[in-house]
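Student: A single structure is presented below for examination.
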Amino acid sequence: MGRKASAAAAVALVVVFVACGVATGSALASTNWKPGPERFGVAEQDGVKVPMADGTILRANVFSPTDPKTGQPAKGPFPVIMVQTPYGKDFAGSATSGGSTVDAGTEIGALPYFIKRGYIDVVVDIRGTGDSHGTFNLLDPQVGRDGAELVDWASKLPHSSGKVGTYGPSYMGLDQLMTADNVGRHSPLKAMFPIVAGNDAYRDIAFQGGMLGMEFDLVIFGLFQGLNNANPVADYHDLADLLQVEAEHTAQLLSYTAYQALNVETGGDQAYYGKYWKARTQRSFLKTIVRNRIPAFMVGGWFDLFQRGSPLNYSGLQNAWAGRPVSAPMKPGQDVTGRYQLVDGPWYHLTAGHGFDMFPVQLAWYDHFLKGKNTGITNTDHPLHLYELRSNHWHDAKRYPLSQAPAKTLYLGGGPSGSNAPSLNDGTLSEKKPGAASGADSIVWSPVGSPCSRQSDQWGAGPAALALQTGNLPPSPCETDDRTIQVGPGALTYTSAPFAKDRSIAGPIDATVYASSTRPDVELEATIEDVAPGGASYPLSSGALLGSFRKLNHAKTWFGANGRPLIPYHPFTKKSKTPVPTGQVTRFDIEVFPTFAEIEKGDRLRVTLTTSDTPHLSPLRQDLPNLLGGVYSVQRNRAHASYVNVPLANDFSFDPCSICP
C-alpha cells in the first residue's frame with residue numbers, strides 16, 4: 001500500500017508547496033513569537049471512509065499526533081487542518097510535505113511539521129478522483145458542499161478540539177474558497193490558508209482576453225486523467241472496490257474532458273462567461289467568507305497562473321470586511337484588517353513559496369485562530385506583503401490598487417527610440433500625446449510566434465523554473481530576455497527614454513490600442529518589459545484580447561485617478577461578441593495582469609504588441625476564419641492616441657515587509 005518516491009517526485013512537478021527553510025527556531029519579524037519544537041510522533045490511518053449526504057463515499061487519510069515514547073495516540077485535544085485534493089491523496093500528500101524534515105517517499109502525511117506540533121492532518125480525495133467514489137466535474141460546486149460536510153466530520157474526529165483549518169495550493173486552494181462559501185456562520189471552520197488560488201477561473205486561467213488558454217488546459221486535463229487513474233491502484237483496499245472506482249473515474253473523466261473540449265471548440269456555452277463559469281467564479285464566494293467570519297492568509301505569485309486573481313481576492317476580502325462591493329477597487333484611506341492577508345512573491349505556480357519561511361507563518365496563523373495563542377500574526381495595518389521584482393526587496397502595503405502608485409499615461413509614438421529594439425518599427429513610449437494628424441504602424445496577424453518568453457513557462461505552471469531552481473541553476477534565458485518575440489511582421493515595440501531615477505511599476509496595467517483591421521477580428525497581446533542599458537528585455541507581465549470581445553463594462557472596470565482604465569472589464573458573453581468593422585479605427589482595451597517591479601535609473605520601459613502567444617493562447621476554431629490574413633494599423637496620432645496606463649511609484653514609497661525574509 002505504501003507510496004513510491006518516484007510517484008511523489010512526479011506529482012511534485014504538478015502541485016507543490018515549496019516551503020523552504022522551515023527552521024523551528026525562526027521567528028516572525030514583527031513579533032517575538034516563535035514556533036514551538038516538535039513534540040509528537042505521527043500515526044497514519046489510510047483510506048478512511050467518509051459518507052456524504054447523497055451516499056457517495058469519499059476517502060481520507062488521517063494523520064494524528066502520538067506520544068513519541070509509546071507510539072500511542074496523544075490525548076489532545078488538537079485542532080484539525082484539512083486539504084481536499086483532486087490529484088490523489090496518496091501522491092499529493094507526499095508532494096506537499098515541501099520543506100519539512102520528512103522525505104517525500106516516506107509513510108508520513110501532507111504536513112508533518114504541523115502534526116508534530118499538535119495538529120491532526122486530514123487529506124481527502126474529492127469526489128470522482130483518487131480513491132473516492134463519484135464523478136468529477138471541473139471546479140464542481142458540489143465540492144464546496146462536500147467540503148462543508150467534511151469540515152463537520154473532521155471536527156468530530158477522536159482527540160479533535162472541534163476547530164478546523166484548511167490548507168493547500170492550486171486546486172486545493174480553490175477547494176478552500178468553495179468550502180468556506182458553503183459552511184454556516186457557526187461552522188467549525190475557523191481559518192484558511194489558500195496558496196496560489198484564483199478569483200475568476202474563466203479570466204485567470206481557462207481563457208485570456210476571450211482566447212483559450214491552451215497550454216494550461218492541456219496540462220490540467222492530462223494530469224487529472226493520469227493521476228486519478230493511478231492513485232486507486234497505489235492505495236486500494238479491496239479489489240472489487242478498486243475496479244468500481246476505476247470504472248467510475250475512467251469513463252467519466254474521458255467523457256468530461258472530451259465533452260468540454262468539444263463544447264468550447266464549437267462555440268458552446270463553456271466558450272463564454274456564462275452560467276457554467278459564473279458558478280465557478282471564486283470572487284462570488286468572498287462576501288460569504290467574510291460574513292462567516294473565516295480569516296484567510298493567501299499566497300500568490302507574480303508569475304503564477306493566478307497572477308491576476310490573488311490580489312483581487314485580497315481587495316475583495318478587505319472590501320467585504322469594510323462593507324463594500326467585492327469587485328470594486330479599494331478606496332484611498334480605506335481601513336484594513338489583519339484577518340485577510342496576502343504574500344505575493346516572485347513565484348510561478350509550481351514554485352510558490354520558494355525561498356520564503358512559510359511554515360512558521362502558517363503555524364502562527366493556525367495557532368492564533370485554532371489554538372487561541374497570541375502569535376501577533378494579525379497585528380498589522382499593512383496586510384499586503386509584496387515582493388518587488390528586479391530590486392529583490394519585500395515591501396508592505398495596505399490597499400489594492402496601490403495608493404502609492406498613481407496611474408501614468410504613456411503614449412505610443414514613432415521611432416526610433418534609441419533602444420536598439422529588434423522590431424521593424426522601434427517606436428517610442430512617452431508622456432507626450434501625439435500631436436500629428438497621422439501616424440500608424442502596420443502589424444500582421446500570425447498564427448504562431450516565438451515561444452521563447454516567460455509566458456511559455458508561466459502558463460504551463462512553471463515546470464522549467466521549478467527544475468532550474470531545484471538544481472540551483474540560473475533562470476532560463478527566455479525568462480530574462482524576450483527579444484525574440486519582438487522580431488518579424490507580427491510584432492511592434494514602443495520603448496521609453498531611460499528613466500531619470502528609480503521607479504516602481506506597481507499594480508494592474510491597461511493597454512488601450514486604437515487600430516483598424518482588414519479582417520473582422522483582431523488578436524492583440526501587450527507585454528510589458530524592463531529594458532536594461534545593454535538591450536536585454538526582461539518581461540514583467542502581459543495581457544491579450546480578441547477584438548470581437550472588445551465591449552467594455554464601465555461599471556465593473558477599474559479606472560485610475562487620471563480617468564483611464566486600469567483593469568478593463570469585458571463581459572466575454574456570447575451576446576457581447578461583435579465583429580470588428582473592417583477598415584475602421586476601433587478601440588481595444590487590453591487587461592495586462594498586475595506586476596510589482598523596480599525600473600532602475602537608466603533602464604527603459606517597453607510595451608511589445610504581438611498578434612500571437614505561442615503556446616499559451618489559441619483562438620477557437622470558429623474565430624480563425626475572421627483572423628486569417630489580417631493586417632492591423634496601430635494608430636499613434638492626435639485623433640487616435642494609443643497608450644498604456646501604468647501605475648508608477650517612487651521606489652522608496654513602500655514600507656519594509658513585517659513578516660518576510
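Chain labels run A, B, ... following the order of the C-alpha cells; each chain numbers its residues from 1, and ligands are numbered from 1 in the order shown.
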Might you pull out every residue within 10 Å of region 434-445 of chain A, with only C-alpha atoms counted and same-chain residues fewer than 3 positions away left off, and present them as a ChimeraX atom specification?

Tutor: /A:411-414,424-425,427,430-431,448,488-492,514-519,522-524,609-612,627-642

Student: Identify, with DSSP run on backbone atoms, the residues in region 437-651 of chain A assigned to alpha helix (DSSP H), and express the list as a ChimeraX atom specification.

Tutor: /A:454-458,463-470,477-480,624-627

Student: Report as a list in words all protein, DNA and RNA residues lying within 6 Å of region 336-339 of chain A, evaluated on only C-alpha atoms, omitting residues in the same chain fewer than 5 positions from it.

Tutor: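 Skipping anything fewer than 5 positions along the chain leaves Pro295, Thr378, Thr380 and Pro383 of chain A.
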
Student: Between A:Gln142, A:Thr586, A:Ser576, A:Ser548, which residue has the minimum interatomic distance to Asp54 (chain A), considering only C-alpha atoms?

Tutor: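 Checking each candidate against Asp54 (chain A), we get A:Gln142 as the closest.
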
Student: Counting only C-alpha atoms, which of A:Val607, A:Val644, A:Leu466, A:Val513 gets nearest to Arg587 (chain A)?

Tutor: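 Nearest candidate to Arg587 (chain A) out of A:Val607, A:Val644, A:Leu466, A:Val513: A:Val513.
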
Student: For Pro451 (chain A), please output as an NGL selection string all residues within 9 Å (counting only C-alpha atoms; exclusion window: fewer than 3 positions along the same chain).

Tutor: :A and (448 or 454-456 or 478 or 484-485 or 613-616)

Student: As a ChimeraX atom specification, list the residues of region 409-527 of chain A assigned to strand (DSSP E) by DSSP on the backbone atoms of this structure.

Tutor: /A:409-413,427-430,440-444,491-495,503-517,523-527

Student: Output N, CA and C atoms for every residue in the selection just made, as a short mmCIF file (atom, residue, chain, number, x, y, z; two decimals), in the first residue's frame.

Tutor:
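What landed in selection-v7.cif:
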```
data_model
loop_
_atom_site.label_atom_id
_atom_site.label_comp_id
_atom_site.auth_asym_id
_atom_site.auth_seq_id
_atom_site.Cartn_x
_atom_site.Cartn_y
_atom_site.Cartn_z
N THR A 409 -0.19 57.89 -17.86
CA THR A 409 -0.47 57.56 -19.25
C THR A 409 0.79 57.75 -20.09
N LEU A 410 1.20 56.69 -20.77
CA LEU A 410 2.35 56.73 -21.68
C LEU A 410 1.85 56.40 -23.08
N TYR A 411 2.12 57.29 -24.03
CA TYR A 411 1.58 57.17 -25.38
C TYR A 411 2.55 56.48 -26.33
N LEU A 412 2.00 55.71 -27.25
CA LEU A 412 2.79 55.10 -28.31
C LEU A 412 3.14 56.17 -29.34
N GLY A 413 4.41 56.19 -29.76
CA GLY A 413 4.86 57.19 -30.72
C GLY A 413 5.75 56.60 -31.78
N GLY A 427 9.30 51.93 -32.04
CA GLY A 427 8.61 53.15 -31.66
C GLY A 427 8.97 53.63 -30.27
N THR A 428 8.45 54.82 -29.93
CA THR A 428 8.73 55.43 -28.64
C THR A 428 7.54 55.29 -27.71
N LEU A 429 7.80 55.55 -26.42
CA LEU A 429 6.78 55.50 -25.38
C LEU A 429 7.04 56.69 -24.47
N SER A 430 6.08 57.61 -24.36
CA SER A 430 6.35 58.81 -23.57
C SER A 430 5.05 59.41 -23.06
N ALA A 440 0.84 55.81 -37.89
CA ALA A 440 0.36 54.45 -37.62
C ALA A 440 1.46 53.45 -37.97
N ASP A 441 1.37 52.26 -37.39
CA ASP A 441 2.31 51.19 -37.67
C ASP A 441 1.54 49.94 -38.04
N SER A 442 2.01 49.22 -39.05
CA SER A 442 1.34 48.00 -39.51
C SER A 442 1.88 46.78 -38.80
N ILE A 443 0.97 45.87 -38.50
CA ILE A 443 1.32 44.60 -37.87
C ILE A 443 0.43 43.52 -38.48
N VAL A 444 1.00 42.34 -38.69
CA VAL A 444 0.33 41.26 -39.41
C VAL A 444 -0.07 40.16 -38.43
N ALA A 491 4.98 41.81 -34.83
CA ALA A 491 5.40 42.44 -33.57
C ALA A 491 5.71 43.92 -33.77
N LEU A 492 5.37 44.72 -32.77
CA LEU A 492 5.71 46.14 -32.71
C LEU A 492 6.21 46.44 -31.30
N THR A 493 7.20 47.32 -31.17
CA THR A 493 7.67 47.72 -29.85
C THR A 493 7.62 49.24 -29.71
N TYR A 494 7.40 49.67 -28.47
CA TYR A 494 7.39 51.09 -28.13
C TYR A 494 8.15 51.22 -26.81
N THR A 495 9.24 51.96 -26.80
CA THR A 495 10.18 51.98 -25.69
C THR A 495 10.40 53.40 -25.19
N ARG A 503 12.14 53.94 -10.24
CA ARG A 503 10.69 53.97 -10.08
C ARG A 503 10.19 52.54 -9.90
N SER A 504 8.97 52.43 -9.39
CA SER A 504 8.33 51.11 -9.25
C SER A 504 7.07 51.10 -10.10
N ILE A 505 6.94 50.08 -10.93
CA ILE A 505 5.68 49.83 -11.63
C ILE A 505 4.91 48.85 -10.76
N ALA A 506 3.75 49.29 -10.26
CA ALA A 506 3.14 48.57 -9.14
C ALA A 506 1.63 48.47 -9.30
N GLY A 507 1.17 47.32 -9.82
CA GLY A 507 -0.26 47.08 -9.89
C GLY A 507 -0.74 46.70 -11.26
N PRO A 508 -2.05 46.79 -11.49
CA PRO A 508 -2.64 46.41 -12.77
C PRO A 508 -2.35 47.46 -13.84
N ILE A 509 -2.36 47.02 -15.10
CA ILE A 509 -1.98 47.87 -16.23
C ILE A 509 -3.02 47.72 -17.33
N ASP A 510 -3.28 48.80 -18.02
CA ASP A 510 -4.16 48.77 -19.20
C ASP A 510 -3.37 49.19 -20.43
N ALA A 511 -3.60 48.50 -21.54
CA ALA A 511 -3.07 48.93 -22.84
C ALA A 511 -4.26 49.20 -23.74
N THR A 512 -4.47 50.46 -24.08
CA THR A 512 -5.56 50.85 -24.96
C THR A 512 -5.00 51.12 -26.35
N VAL A 513 -5.39 50.28 -27.30
CA VAL A 513 -4.85 50.35 -28.65
C VAL A 513 -5.98 50.72 -29.62
N TYR A 514 -5.74 51.76 -30.40
CA TYR A 514 -6.63 52.12 -31.50
C TYR A 514 -6.05 51.53 -32.78
N ALA A 515 -6.83 50.74 -33.48
CA ALA A 515 -6.31 50.09 -34.67
C ALA A 515 -7.45 49.79 -35.64
N SER A 516 -7.09 49.70 -36.90
CA SER A 516 -8.02 49.21 -37.92
C SER A 516 -7.52 47.85 -38.40
N SER A 517 -8.41 47.06 -38.96
CA SER A 517 -8.07 45.71 -39.40
C SER A 517 -8.68 45.43 -40.76
N GLU A 523 -6.44 39.92 -33.04
CA GLU A 523 -5.78 39.31 -31.89
C GLU A 523 -4.59 40.18 -31.51
N LEU A 524 -4.59 40.68 -30.30
CA LEU A 524 -3.51 41.53 -29.83
C LEU A 524 -3.06 41.10 -28.44
N GLU A 525 -1.76 41.03 -28.24
CA GLU A 525 -1.20 40.80 -26.92
C GLU A 525 -0.22 41.93 -26.62
N ALA A 526 -0.29 42.45 -25.39
CA ALA A 526 0.62 43.50 -24.93
C ALA A 526 1.49 42.94 -23.82
N THR A 527 2.80 43.04 -24.00
CA THR A 527 3.76 42.59 -23.00
C THR A 527 4.56 43.79 -22.51
#
```

Student: May I ask which of the residues A:Trp558, A:Phe499, A:Tyr202, A:Phe297 is the closest one to Pro533 (chain A), counting only C-alpha atoms?

Tutor: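 The shortest atom-to-atom distance to Pro533 (chain A) comes from A:Phe499.
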
Student: Quick one: residues within 6 Å of Glu591 (chain A), only C-alpha atoms, excluding same-chain residues fewer than 4 positions away - as a ChimeraX atom specification?

Tutor: /A:510,543,567-568

Student: Limited to N, CA and C atoms, could you put the picked residues into a file as a JSON list (two decimals), in the first residue's frame?

Tutor:
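result_8.json, written as the output of this step:
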```json
[["chain", "number", "residue", "atom", "x", "y", "z"],
["A", 510, "ASP", "N", -3.28, 48.80, -18.02],
["A", 510, "ASP", "CA", -4.16, 48.77, -19.20],
["A", 510, "ASP", "C", -3.37, 49.19, -20.43],
["A", 543, "GLY", "N", -0.89, 40.73, -21.33],
["A", 543, "GLY", "CA", -2.33, 40.56, -21.41],
["A", 543, "GLY", "C", -2.74, 40.50, -22.86],
["A", 567, "ILE", "N", -8.01, 48.28, -14.90],
["A", 567, "ILE", "CA", -8.42, 46.91, -15.19],
["A", 567, "ILE", "C", -9.68, 46.97, -16.05],
["A", 568, "PRO", "N", -9.53, 46.92, -17.37],
["A", 568, "PRO", "CA", -10.72, 46.92, -18.23],
["A", 568, "PRO", "C", -11.48, 45.62, -18.05]]
```

Student: Could you work out how far CA of Ala180 (chain A) lies from CA of Ala322 (chain A), giving the answer in Å with one decimal?

Tutor: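 Straight-line distance from CA of Ala322 (chain A) to CA of Ala180 (chain A) works out to 18.8 Å.
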
Student: Considering only C-alpha atoms, state which residue in the set A:Arg621, A:Lys190, A:Arg606, A:His395 is at the smallest distance from Leu540 (chain A).

Tutor: A:Arg606

Student: Need the shell around Val122 (chain A): protein/DNA/RNA residues with any atom at most 6 Å away, counting only C-alpha atoms. Skip same-chain ones fewer than 4 positions apart. Format as an MDAnalysis selection string?

Tutor: chainID A and resid 61:62 82

Student: For the atom pair CA of Leu546 (chain A) and CA of Pro329 (chain A), what is the interatomic distance in Å to one decimal place?

Tutor: 24.9 Å

Student: So how far away is CA of Leu350 (chain A) from CA of Leu617 (chain A), in Å?

Tutor: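 Those two atoms sit 20.0 Å apart.
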